[in-house]
Structures are given as structure tokens and as C-alpha cells.
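Student: Just model06.cif, nothing more (mmCIF, C-alpha atoms and all ligand atoms):
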```
data_my_file
loop_
_atom_site.group_PDB
_atom_site.id
_atom_site.type_symbol
_atom_site.label_atom_id
_atom_site.label_comp_id
_atom_site.auth_asym_id
_atom_site.auth_seq_id
_atom_site.Cartn_x
_atom_site.Cartn_y
_atom_site.Cartn_z
ATOM 1 C CA MET A 1409 0.000 0.000 0.000
ATOM 2 C CA ASN A 1410 1.198 3.477 -0.820
ATOM 3 C CA CYS A 1411 1.169 5.298 2.523
ATOM 4 C CA PRO A 1412 1.686 9.024 2.942
ATOM 5 C CA ASN A 1413 4.083 9.666 5.786
ATOM 6 C CA THR A 1414 2.157 12.196 7.784
ATOM 7 C CA GLY A 1415 -1.208 13.679 8.473
ATOM 8 C CA ARG A 1416 -4.794 12.661 8.563
ATOM 9 C CA GLU A 1417 -4.652 10.765 5.309
ATOM 10 C CA ARG A 1418 -2.123 8.329 6.676
ATOM 11 C CA LEU A 1419 -4.337 7.563 9.665
ATOM 12 C CA MET A 1420 -7.345 6.955 7.511
ATOM 13 C CA THR A 1421 -5.865 4.841 4.773
ATOM 14 C CA CYS A 1422 -3.115 2.938 6.557
ATOM 15 C CA PRO A 1423 -4.298 1.117 9.665
ATOM 16 C CA ALA A 1424 -0.794 -0.220 10.204
ATOM 17 C CA ALA A 1425 0.258 3.323 11.043
ATOM 18 C CA GLY A 1426 -1.563 2.968 14.366
ATOM 19 C CA GLY A 1427 0.045 1.521 17.459
ATOM 20 C CA LYS A 1428 -0.326 -1.879 18.995
ATOM 21 C CA LEU A 1429 -2.061 -1.567 22.312
ATOM 22 C CA LEU A 1430 -2.562 -4.127 25.059
ATOM 23 C CA VAL A 1431 -5.593 -3.412 27.232
ATOM 24 C CA VAL A 1432 -5.614 -4.798 30.777
ATOM 25 C CA PRO A 1433 -9.058 -3.951 32.125
ATOM 26 C CA MET A 1434 -10.862 -4.678 35.336
ATOM 27 C CA VAL A 1435 -14.036 -6.723 35.378
ATOM 28 C CA GLY A 1436 -17.481 -5.310 36.049
ATOM 29 C CA SER A 1437 -18.678 -1.753 35.716
ATOM 30 C CA HIS A 1438 -15.146 -0.457 35.197
ATOM 31 C CA TRP A 1439 -14.938 -2.287 31.926
ATOM 32 C CA LEU A 1440 -18.149 -0.745 30.618
ATOM 33 C CA SER A 1441 -16.655 2.748 30.433
ATOM 34 C CA MET A 1442 -13.341 1.481 29.160
ATOM 35 C CA GLN A 1443 -14.962 -0.503 26.367
ATOM 36 C CA GLU A 1444 -16.134 2.696 24.647
ATOM 37 C CA VAL A 1445 -12.571 3.976 24.483
ATOM 38 C CA VAL A 1446 -11.170 0.662 23.352
ATOM 39 C CA GLU A 1447 -13.664 0.466 20.479
ATOM 40 C CA LYS A 1448 -12.855 4.029 19.426
ATOM 41 C CA LEU A 1449 -9.115 3.351 19.461
ATOM 42 C CA SER A 1450 -9.657 0.344 17.293
ATOM 43 C CA GLN A 1451 -11.804 2.327 14.838
ATOM 44 C CA ARG A 1452 -9.003 4.853 14.572
ATOM 45 C CA GLY A 1453 -6.636 2.266 13.256
ATOM 46 C CA HIS A 1454 -4.842 1.000 16.338
ATOM 47 C CA GLU A 1455 -4.411 -2.686 16.809
ATOM 48 C CA VAL A 1456 -6.034 -3.430 20.142
ATOM 49 C CA VAL A 1457 -5.824 -6.637 22.154
ATOM 50 C CA VAL A 1458 -7.912 -6.945 25.320
ATOM 51 C CA LEU A 1459 -6.647 -9.333 27.978
ATOM 52 C CA MET A 1460 -9.575 -11.045 29.697
ATOM 53 C CA PRO A 1461 -9.902 -13.658 32.422
ATOM 54 C CA GLU A 1462 -11.983 -16.650 31.327
ATOM 55 C CA VAL A 1463 -14.490 -15.858 34.060
ATOM 56 C CA SER A 1464 -15.633 -12.278 34.414
ATOM 57 C CA TRP A 1465 -18.510 -9.849 34.730
ATOM 58 C CA HIS A 1466 -19.789 -8.058 31.660
ATOM 59 C CA MET A 1467 -16.813 -8.846 29.433
ATOM 60 C CA LYS A 1468 -17.502 -10.133 25.993
ATOM 61 C CA THR A 1469 -15.671 -10.555 22.779
ATOM 62 C CA SER A 1470 -16.304 -8.013 20.074
ATOM 63 C CA GLN A 1471 -15.543 -7.487 16.438
ATOM 64 C CA ALA A 1472 -13.915 -4.191 17.308
ATOM 65 C CA TYR A 1473 -10.936 -5.675 19.130
ATOM 66 C CA GLU A 1474 -9.043 -8.874 19.565
ATOM 67 C CA VAL A 1475 -9.425 -10.759 22.825
ATOM 68 C CA LEU A 1476 -6.827 -12.865 24.570
ATOM 69 C CA THR A 1477 -8.254 -14.925 27.432
ATOM 70 C CA TYR A 1478 -6.303 -16.621 30.181
ATOM 71 C CA PRO A 1479 -7.395 -19.497 32.418
ATOM 72 C CA VAL A 1480 -8.544 -18.735 35.958
ATOM 73 C CA THR A 1481 -9.309 -20.947 38.941
ATOM 74 C CA GLN A 1482 -12.284 -19.092 40.422
ATOM 75 C CA THR A 1483 -15.874 -19.599 39.439
ATOM 76 C CA LEU A 1484 -18.391 -16.860 38.787
ATOM 77 C CA GLU A 1485 -20.225 -17.875 41.997
ATOM 78 C CA GLU A 1486 -17.104 -17.201 44.052
ATOM 79 C CA LEU A 1487 -16.704 -13.716 42.581
ATOM 80 C CA ASP A 1488 -20.398 -12.939 43.091
ATOM 81 C CA GLY A 1489 -20.287 -14.225 46.666
ATOM 82 C CA ALA A 1490 -17.308 -12.076 47.688
ATOM 83 C CA PHE A 1491 -18.850 -8.994 46.141
ATOM 84 C CA SER A 1492 -22.278 -9.483 47.739
ATOM 85 C CA GLU A 1493 -20.655 -9.841 51.135
ATOM 86 C CA TYR A 1494 -18.720 -6.635 50.511
ATOM 87 C CA VAL A 1495 -21.807 -4.654 49.557
ATOM 88 C CA ALA A 1496 -23.739 -6.059 52.524
ATOM 89 C CA THR A 1497 -21.291 -4.344 54.914
ATOM 90 C CA PHE A 1498 -22.358 -0.956 53.522
ATOM 91 C CA LEU A 1499 -25.984 -1.769 54.215
ATOM 92 C CA ARG A 1500 -25.467 -3.174 57.694
ATOM 93 C CA GLY A 1501 -25.332 0.285 59.330
ATOM 94 C CA LEU A 1502 -22.823 -0.528 62.076
ATOM 95 C CA PRO A 1503 -21.738 2.435 64.249
ATOM 96 C CA PHE A 1504 -18.354 4.133 63.798
ATOM 97 C CA PRO A 1505 -15.588 2.846 63.998
ATOM 98 C CA LEU A 1506 -16.961 -0.708 63.609
ATOM 99 C CA ASN A 1507 -18.353 0.197 60.187
ATOM 100 C CA VAL A 1508 -14.958 1.386 58.948
ATOM 101 C CA LEU A 1509 -13.166 -1.701 60.284
ATOM 102 C CA ASP A 1510 -15.789 -3.977 58.798
ATOM 103 C CA MET A 1511 -15.609 -2.228 55.413
ATOM 104 C CA TYR A 1512 -11.846 -2.408 55.455
ATOM 105 C CA LYS A 1513 -11.859 -6.127 56.234
ATOM 106 C CA LYS A 1514 -14.421 -6.898 53.558
ATOM 107 C CA SER A 1515 -12.650 -4.675 51.015
ATOM 108 C CA VAL A 1516 -9.456 -6.610 51.576
ATOM 109 C CA HIS A 1517 -11.380 -9.860 51.162
ATOM 110 C CA VAL A 1518 -13.069 -8.824 47.924
ATOM 111 C CA PHE A 1519 -9.779 -7.466 46.672
ATOM 112 C CA ASN A 1520 -7.964 -10.719 47.357
ATOM 113 C CA THR A 1521 -10.698 -12.738 45.698
ATOM 114 C CA PHE A 1522 -10.508 -10.733 42.491
ATOM 115 C CA PHE A 1523 -6.753 -10.506 42.699
ATOM 116 C CA GLY A 1524 -6.699 -14.290 42.405
ATOM 117 C CA GLN A 1525 -7.260 -13.701 38.684
ATOM 118 C CA CYS A 1526 -4.034 -11.742 38.461
ATOM 119 C CA LYS A 1527 -2.162 -14.571 40.157
ATOM 120 C CA ASP A 1528 -3.655 -16.919 37.583
ATOM 121 C CA LEU A 1529 -2.423 -14.648 34.799
ATOM 122 C CA PHE A 1530 1.155 -14.848 36.047
ATOM 123 C CA ARG A 1531 0.822 -18.622 36.413
ATOM 124 C CA SER A 1532 -0.083 -18.965 32.753
ATOM 125 C CA GLN A 1533 3.324 -19.196 31.098
ATOM 126 C CA GLU A 1534 1.661 -19.607 27.748
ATOM 127 C CA THR A 1535 -0.183 -16.288 28.049
ATOM 128 C CA LEU A 1536 2.908 -14.462 29.279
ATOM 129 C CA LYS A 1537 4.939 -15.799 26.406
ATOM 130 C CA ALA A 1538 2.292 -14.769 23.866
ATOM 131 C CA LEU A 1539 2.158 -11.278 25.386
ATOM 132 C CA ASN A 1540 5.913 -10.882 25.318
ATOM 133 C CA GLN A 1541 6.120 -12.004 21.726
ATOM 134 C CA SER A 1542 3.332 -9.732 20.477
ATOM 135 C CA GLY A 1543 5.463 -6.597 20.362
ATOM 136 C CA PHE A 1544 3.006 -4.188 21.989
ATOM 137 C CA ASP A 1545 3.810 -0.485 22.017
ATOM 138 C CA ALA A 1546 1.968 0.330 25.226
ATOM 139 C CA ILE A 1547 -0.504 -0.851 27.840
ATOM 140 C CA LEU A 1548 -3.804 0.806 28.681
ATOM 141 C CA THR A 1549 -4.970 -0.387 32.067
ATOM 142 C CA ASP A 1550 -7.406 0.121 34.885
ATOM 143 C CA PRO A 1551 -4.856 -0.155 37.676
ATOM 144 C CA ILE A 1552 -7.093 -0.499 40.744
ATOM 145 C CA PHE A 1553 -5.956 -4.080 41.423
ATOM 146 C CA MET A 1554 -2.333 -3.394 40.365
ATOM 147 C CA CYS A 1555 -2.361 -6.225 37.837
ATOM 148 C CA GLY A 1556 -1.901 -3.956 34.802
ATOM 149 C CA PRO A 1557 0.992 -1.977 36.325
ATOM 150 C CA THR A 1558 2.715 -5.229 37.333
ATOM 151 C CA LEU A 1559 2.349 -6.622 33.827
ATOM 152 C CA ALA A 1560 3.607 -3.347 32.302
ATOM 153 C CA HIS A 1561 6.760 -3.504 34.433
ATOM 154 C CA TYR A 1562 7.159 -7.196 33.646
ATOM 155 C CA LEU A 1563 6.983 -6.572 29.893
ATOM 156 C CA SER A 1564 8.896 -3.248 30.181
ATOM 157 C CA LEU A 1565 6.174 -1.334 28.363
ATOM 158 C CA PRO A 1566 4.990 2.263 28.846
ATOM 159 C CA PHE A 1567 1.529 2.409 30.397
ATOM 160 C CA VAL A 1568 -1.509 4.660 30.540
ATOM 161 C CA PHE A 1569 -3.976 4.562 33.424
ATOM 162 C CA PHE A 1570 -7.718 4.694 32.882
ATOM 163 C CA MET A 1571 -9.254 4.923 36.306
ATOM 164 C CA ARG A 1572 -11.526 6.449 38.900
ATOM 165 C CA GLY A 1573 -9.019 6.787 41.713
ATOM 166 C CA PHE A 1574 -6.948 4.909 44.258
ATOM 167 C CA GLY A 1575 -7.448 4.937 47.975
ATOM 168 C CA CYS A 1576 -4.834 6.651 50.145
ATOM 169 C CA ASN A 1577 -4.506 9.688 47.895
ATOM 170 C CA LEU A 1578 -2.128 7.582 45.802
ATOM 171 C CA HIS A 1579 -3.254 9.049 42.468
ATOM 172 C CA PHE A 1580 -2.163 12.489 43.664
ATOM 173 C CA GLU A 1581 0.807 11.354 45.711
ATOM 174 C CA ALA A 1582 2.428 9.276 42.962
ATOM 175 C CA PRO A 1583 2.495 11.993 40.250
ATOM 176 C CA GLN A 1584 3.725 14.352 43.020
ATOM 177 C CA CYS A 1585 0.799 16.763 43.029
ATOM 178 C CA PRO A 1586 0.867 19.179 45.934
ATOM 179 C CA SER A 1587 -1.981 18.159 48.207
ATOM 180 C CA PRO A 1588 -2.060 20.575 51.142
ATOM 181 C CA LEU A 1589 -3.726 19.031 54.183
ATOM 182 C CA SER A 1590 -5.387 22.313 55.124
ATOM 183 C CA TYR A 1591 -7.362 22.478 51.898
ATOM 184 C CA VAL A 1592 -7.678 19.014 50.417
ATOM 185 C CA PRO A 1593 -9.882 16.720 52.496
ATOM 186 C CA ARG A 1594 -8.843 13.088 52.686
ATOM 187 C CA LEU A 1595 -11.019 10.157 51.658
ATOM 188 C CA PHE A 1596 -13.360 8.914 54.451
ATOM 189 C CA THR A 1597 -13.133 12.145 56.501
ATOM 190 C CA PHE A 1598 -16.225 13.589 54.776
ATOM 191 C CA ASN A 1599 -14.778 17.087 55.309
ATOM 192 C CA SER A 1600 -15.091 19.831 52.729
ATOM 193 C CA ASP A 1601 -12.327 22.078 51.413
ATOM 194 C CA ARG A 1602 -13.234 24.588 54.137
ATOM 195 C CA MET A 1603 -12.143 22.932 57.340
ATOM 196 C CA THR A 1604 -12.137 24.090 60.917
ATOM 197 C CA PHE A 1605 -8.962 23.702 62.924
ATOM 198 C CA PHE A 1606 -10.071 20.353 64.344
ATOM 199 C CA GLN A 1607 -11.102 19.054 60.938
ATOM 200 C CA ARG A 1608 -7.640 19.919 59.693
ATOM 201 C CA VAL A 1609 -6.149 17.992 62.575
ATOM 202 C CA GLU A 1610 -8.378 15.044 61.664
ATOM 203 C CA ASN A 1611 -7.287 15.382 58.042
ATOM 204 C CA ALA A 1612 -3.642 15.293 59.088
ATOM 205 C CA LEU A 1613 -4.213 12.179 61.208
ATOM 206 C CA VAL A 1614 -6.006 10.368 58.388
ATOM 207 C CA SER A 1615 -3.199 11.277 55.984
ATOM 208 C CA LEU A 1616 -0.723 9.615 58.348
ATOM 209 C CA LEU A 1617 -2.650 6.374 57.946
ATOM 210 C CA GLU A 1618 -2.780 6.608 54.180
ATOM 211 C CA LEU A 1619 0.212 4.670 52.998
ATOM 212 C CA LYS A 1620 -0.180 2.162 55.787
ATOM 213 C CA TYR A 1621 -3.746 1.195 55.034
ATOM 214 C CA CYS A 1622 -2.992 0.871 51.342
ATOM 215 C CA ASP A 1623 -0.024 -1.367 52.037
ATOM 216 C CA GLY A 1624 -2.429 -3.631 53.929
ATOM 217 C CA PHE A 1625 -4.979 -3.440 51.174
ATOM 218 C CA TYR A 1626 -2.410 -4.192 48.485
ATOM 219 C CA ASN A 1627 -0.447 -6.720 50.506
ATOM 220 C CA GLU A 1628 -1.157 -9.604 48.130
ATOM 221 C CA ALA A 1629 -0.538 -7.446 45.057
ATOM 222 C CA LEU A 1630 2.827 -6.272 46.373
ATOM 223 C CA LYS A 1631 3.831 -9.832 47.213
ATOM 224 C CA LEU A 1632 3.019 -10.979 43.691
ATOM 225 C CA SER A 1633 4.732 -8.007 41.999
ATOM 226 C CA SER A 1634 7.869 -8.481 44.073
ATOM 227 C CA GLU A 1635 7.911 -12.130 43.084
ATOM 228 C CA VAL A 1636 7.264 -11.456 39.403
ATOM 229 C CA LEU A 1637 9.684 -8.537 39.092
ATOM 230 C CA GLN A 1638 12.258 -10.186 41.370
ATOM 231 C CA ARG A 1639 12.829 -7.144 43.548
ATOM 232 C CA ASP A 1640 11.168 -5.415 46.482
ATOM 233 C CA VAL A 1641 8.299 -3.447 45.007
ATOM 234 C CA SER A 1642 6.331 -0.645 46.660
ATOM 235 C CA LEU A 1643 3.013 0.811 45.515
ATOM 236 C CA MET A 1644 4.825 3.959 44.499
ATOM 237 C CA ASP A 1645 7.267 1.956 42.313
ATOM 238 C CA LEU A 1646 4.347 0.362 40.526
ATOM 239 C CA VAL A 1647 2.347 3.460 39.698
ATOM 240 C CA HIS A 1648 4.599 6.521 39.647
ATOM 241 C CA SER A 1649 5.911 5.967 36.119
ATOM 242 C CA ALA A 1650 2.484 5.940 34.436
ATOM 243 C CA SER A 1651 2.792 8.011 31.250
ATOM 244 C CA ILE A 1652 -0.747 9.400 31.375
ATOM 245 C CA TRP A 1653 -3.454 9.341 34.027
ATOM 246 C CA LEU A 1654 -6.919 9.363 32.447
ATOM 247 C CA LEU A 1655 -9.170 10.087 35.417
ATOM 248 C CA ARG A 1656 -12.820 9.139 35.191
ATOM 249 C CA PHE A 1657 -14.154 11.980 37.284
ATOM 250 C CA ASP A 1658 -14.521 15.690 36.992
ATOM 251 C CA PHE A 1659 -12.599 17.953 39.264
ATOM 252 C CA VAL A 1660 -15.497 20.386 39.575
ATOM 253 C CA PHE A 1661 -17.290 17.666 41.534
ATOM 254 C CA GLU A 1662 -14.277 17.114 43.769
ATOM 255 C CA TYR A 1663 -11.951 19.715 45.228
ATOM 256 C CA VAL A 1664 -9.839 22.382 43.681
ATOM 257 C CA ARG A 1665 -6.286 21.100 43.747
ATOM 258 C CA PRO A 1666 -3.149 21.302 41.640
ATOM 259 C CA VAL A 1667 -2.654 18.429 39.189
ATOM 260 C CA MET A 1668 0.151 17.432 36.850
ATOM 261 C CA PRO A 1669 0.037 17.955 33.061
ATOM 262 C CA ASN A 1670 -0.196 14.208 32.389
ATOM 263 C CA MET A 1671 -3.439 13.952 34.370
ATOM 264 C CA VAL A 1672 -6.534 14.277 32.206
ATOM 265 C CA PHE A 1673 -10.077 14.468 33.554
ATOM 266 C CA ILE A 1674 -12.468 12.440 31.435
ATOM 267 C CA GLY A 1675 -15.499 12.155 33.754
ATOM 268 C CA GLY A 1676 -17.913 12.751 30.868
ATOM 269 C CA ILE A 1677 -17.025 9.363 29.489
ATOM 270 C CA ASN A 1678 -19.353 7.712 32.010
ATOM 271 C CA CYS A 1679 -22.244 9.433 30.266
ATOM 272 C CA ALA A 1680 -21.403 8.131 26.792
ATOM 273 C CA LYS A 1681 -24.309 5.688 26.912
ATOM 274 C CA LYS A 1682 -27.424 7.496 28.018
ATOM 275 C CA LYS A 1683 -30.402 5.460 29.099
ATOM 276 C CA PRO A 1684 -33.390 6.198 31.310
ATOM 277 C CA LEU A 1685 -33.133 4.601 34.766
ATOM 278 C CA PRO A 1686 -34.750 1.169 34.798
ATOM 279 C CA LYS A 1687 -37.875 0.827 36.953
ATOM 280 C CA LEU A 1688 -36.591 -2.213 38.759
ATOM 281 C CA VAL A 1689 -32.977 -3.182 39.179
ATOM 282 C CA ARG A 1690 -32.154 -6.644 40.309
ATOM 283 C CA GLY A 1691 -29.146 -8.575 41.475
ATOM 284 C CA SER A 1692 -25.643 -7.497 40.697
ATOM 285 C CA GLU A 1693 -26.646 -4.582 38.426
ATOM 286 C CA GLN A 1694 -27.970 -2.822 41.471
ATOM 287 C CA LEU A 1695 -24.838 -3.554 43.448
ATOM 288 C CA VAL A 1696 -22.558 -2.157 40.779
ATOM 289 C CA CYS A 1697 -24.345 1.203 40.912
ATOM 290 C CA PHE A 1698 -24.048 1.593 44.670
ATOM 291 C CA PRO A 1699 -22.542 5.055 45.244
ATOM 292 C CA CYS A 1700 -20.306 4.227 48.223
ATOM 293 C CA ILE A 1701 -18.175 1.964 46.146
ATOM 294 C CA SER A 1702 -17.817 4.318 43.240
ATOM 295 C CA PHE A 1703 -14.239 5.138 44.136
ATOM 296 C CA LEU A 1704 -13.304 1.542 43.527
HETATM 297 C C1 LIG B 1 10.629 -11.439 26.166
HETATM 298 O O1 LIG B 1 11.281 -11.914 25.039
HETATM 299 C C2 LIG B 1 12.591 -11.418 24.873
HETATM 300 C C3 LIG B 1 13.113 -11.867 23.522
HETATM 301 O O2 LIG B 1 12.701 -13.137 23.181
HETATM 302 C C4 LIG B 1 13.454 -11.904 26.019
HETATM 303 O O3 LIG B 1 14.763 -11.418 25.892
HETATM 304 C C5 LIG B 1 12.838 -11.375 27.321
HETATM 305 O O4 LIG B 1 13.549 -11.880 28.427
HETATM 306 C C6 LIG B 1 11.394 -11.797 27.420
HETATM 307 N N1 LIG B 1 10.814 -11.130 28.571
HETATM 308 C C7 LIG B 1 10.034 -11.737 29.442
HETATM 309 C C8 LIG B 1 9.522 -10.906 30.547
HETATM 310 O O5 LIG B 1 9.760 -12.913 29.350
#
```
For this file, write the structure as C-alpha cells.
Tutor:
Amino acid sequence: MNCPNTGRERLMTCPAAGGKLLVVPMVGSHWLSMQEVVEKLSQRGHEVVVLMPEVSWHMKTSQAYEVLTYPVTQTLEELDGAFSEYVATFLRGLPFPLNVLDMYKKSVHVFNTFFGQCKDLFRSQETLKALNQSGFDAILTDPIFMCGPTLAHYLSLPFVFFMRGFGCNLHFEAPQCPSPLSYVPRLFTFNSDRMTFFQRVENALVSLLELKYCDGFYNEALKLSSEVLQRDVSLMDLVHSASIWLLRFDFVFEYVRPVMPNMVFIGGINCAKKKPLPKLVRGSEQLVCFPCISFL
């Protein structure tokens, strides 16, 4: 094919001019917003391969992209069970601080259950070999479970995050955004950006806990990454070198704060598919929409 070297024409007539992208998504509602982007990238001439566990929520093959599945040990019932238990803790209405402890414990449990799929990925030598031999240019990943960042380091590929946010202020800490404790309220404090003296003290105390509680939360993920990458890995090591942070929220709904130039707010993407609210929502669909878990 006769391909012009630059410009719009090249993109339209020569698909090979696009890049080769590996997508490492997360199951469930997260995937639904990512799918729109993945399809668009594919339409624009990039070669896109989506890595999917054999058992998942909402993930399907499509004509728009190639799918590479890997074997997993868990059943759909196990995933559903862990998630229902997790959501039930939000509805139980325990008093503070029992509610927070309970949520933390159940979050760790649901995390570890889903993280089992990442362990399965790194057990599948066949999949790893295929990935390494495919010559990808970059990875697009939802990093909440740290599987995508681990794989990106393992394959030595640049990576782009597509995400809602981490706990522990990590998505501001890792790109080194200033995050002054007097003005930026921490997750779970329910303060606003106008804090009294005591709220600022509370904010400071919560911020002291931040890296600790995430280390607990990501304990299994850090163990696996350290094993896979054959060195001691911290959360910061895994995420700080992300090339671009595509953030699925809008800062006007959060707090005014300085961000880095490689952080892009794309909250509108959640509204790409408009539909009237269904009259009756049943089962897991209802659980996925629960607002308290939206940061996950
Ligand atoms: C990927 O393949 C290259 C070339 O075959 C090899 O040198 C490299 O060690 C492999 N990397 C991994 C992570 O397997």
C-alpha cells in the first residue's frame, strides 16, 4: 500500500500506522466505560488486544478488538459471593468505627478474591509468552488491582492509566501533586475544602494512615509483583511511572487542587451511553451502581 508519511490521510488509509495496544481492564462496571474507548481506538486504526480472564462480569468478545483470554481458577459464583458480602457491609449500618473496620476487612477480602485472577495470569506461562512475543507499544490499564501496572513492568512497556481513583490519595501522591492538608480533604473524613482547625487535625491524622492502610490493602498485590519482578516493590514503584493518568471523574465535583500535566479528567465518558433509569434493578446490576463503592 502506498502510505503518505504524515497527516490525517495516513491515519485513515493505513491502519498499520496505528500503534499496537494491550488493554488490561478490570471486570465489572469499570470495563463498561473502558470498552467505549477501546472500540474508538480500534476504529481509529490502532491494533487493540484486550486481555480477559476466562471468568468475568460483563466482558464479551467483540468485532472491534481482539481478545486474549487466560485461564482462571475461580468460578463466577465465588466472585459474586465475595462482592455481595462486601456490599452487605455498607448496608449493615454498624456504628463508627466498627463500620470502617468492617468495610476495610471486607474490602481486603473482595480485593484478594478478584486478585486471584491476576495470580492466575502470572501462572499462565503460555499467556505471558504470547504477550511478550506480540510486540506491543503500550498498555492501557485500569490499575485499581495493580495487575496492569505489574504486567507493564514485567513486559517493560509504557503504560496509561484509565481509572476512577486509588485509595490513600495515591493518584495524587504518585504523580507528586501538591496536596495541602489544610485544603484538600482526605477520603473517608467527609470534610469539605473549608475545614475548621479540628477538621484539619483530623485530616492530618487520616493522611498519616494513608500509605499504611494501602499497604495492607495491596499486601497480596505487592507480594506478587515483588515475586514477578524479582525485587522489592512498593506501591509507588508500581504506579509513579504511568505516562498518562486518564481520570474518570470531573474535578469540579471534587476539590480544587493542583494536578500534573499528564493527568486528564475524562469524567464525561461515564455518560457516553445514556439510558433512562430502569424501573426495577435486580441482582448485581444494582450492586454495581451503589454510590459508596464508586471510588473503587
Ligand atoms: C521477552 O522476550 C525477549 C526476547 O525473546 C526476552 O529477551 C525477554 O527476556 C522476554 N521477557 C520476558 C519478561 O519474558
Student: Step by step, measure atom-to-atom distances between ligand LIG 1 (chain B) and each residue using only C-alpha atoms and all ligand atoms, keep those at most 6 Å, then write them as a PyMOL selection string.
Tutor: chain A and resi 1540+1562-1563
Student: Which residues, named as in the file, does the PyMOL selection byres (((chain A and resi 1614-1618) around 8) and not hetatm) pick out? Answer as a ChimeraX atom specification.
Tutor: /A:1575-1577,1589,1594,1597,1610-1613,1619-1622
Student: What lies within 7 Å of Phe1523 (chain A) using all atoms listed in the file, ignoring chain neighbours under 4 positions off, as a ChimeraX atom specification?
Tutor: /A:1519,1527,1553
Student: Counting only C-alpha atoms, which of A:Thr1549, A:Gln1541, A:Ser1642, A:Ser1651 gets nearest to Phe1570 (chain A)?
Tutor: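 Comparing A:Thr1549, A:Gln1541, A:Ser1642, A:Ser1651 against Phe1570 (chain A), the winner is A:Thr1549.
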Student: Go through the shown structure with the PyMOL selection byres (((chain A and resi 1569) around 7) and not hetatm) and write out the matching residues as number ranges by chain.
Tutor: A: 1548-1551, 1567-1568, 1570-1571, 1650, 1652-1654
Student: Please produce a file of the residues just selected, as an mmCIF file, in the frame of the given file, where the atoms kept are C-alpha atoms.
Tutor:
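Generated output (part.cif):
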```cif
data_model
loop_
_atom_site.group_PDB
_atom_site.id
_atom_site.type_symbol
_atom_site.label_atom_id
_atom_site.label_comp_id
_atom_site.auth_asym_id
_atom_site.auth_seq_id
_atom_site.Cartn_x
_atom_site.Cartn_y
_atom_site.Cartn_z
ATOM 1 C CA LEU A 1548 -3.804 0.806 28.681
ATOM 2 C CA THR A 1549 -4.970 -0.387 32.067
ATOM 3 C CA ASP A 1550 -7.406 0.121 34.885
ATOM 4 C CA PRO A 1551 -4.856 -0.155 37.676
ATOM 5 C CA PHE A 1567 1.529 2.409 30.397
ATOM 6 C CA VAL A 1568 -1.509 4.660 30.540
ATOM 7 C CA PHE A 1570 -7.718 4.694 32.882
ATOM 8 C CA MET A 1571 -9.254 4.923 36.306
ATOM 9 C CA ALA A 1650 2.484 5.940 34.436
ATOM 10 C CA ILE A 1652 -0.747 9.400 31.375
ATOM 11 C CA TRP A 1653 -3.454 9.341 34.027
ATOM 12 C CA LEU A 1654 -6.919 9.363 32.447
#
```
Student: If I take CA of Leu1506 (chain A) and CA of Phe1580 (chain A), how far is one from the other in Å, to one decimal?
Tutor: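 Result for CA of Leu1506 (chain A) versus CA of Phe1580 (chain A): 28.1 Å, one decimal.
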Student: Using only C-alpha atoms, can you tell me which of A:Tyr1473, A:Phe1498, A:Trp1465, A:Phe1673 comes closest to Trp1439 (chain A)?
Tutor: A:Trp1465
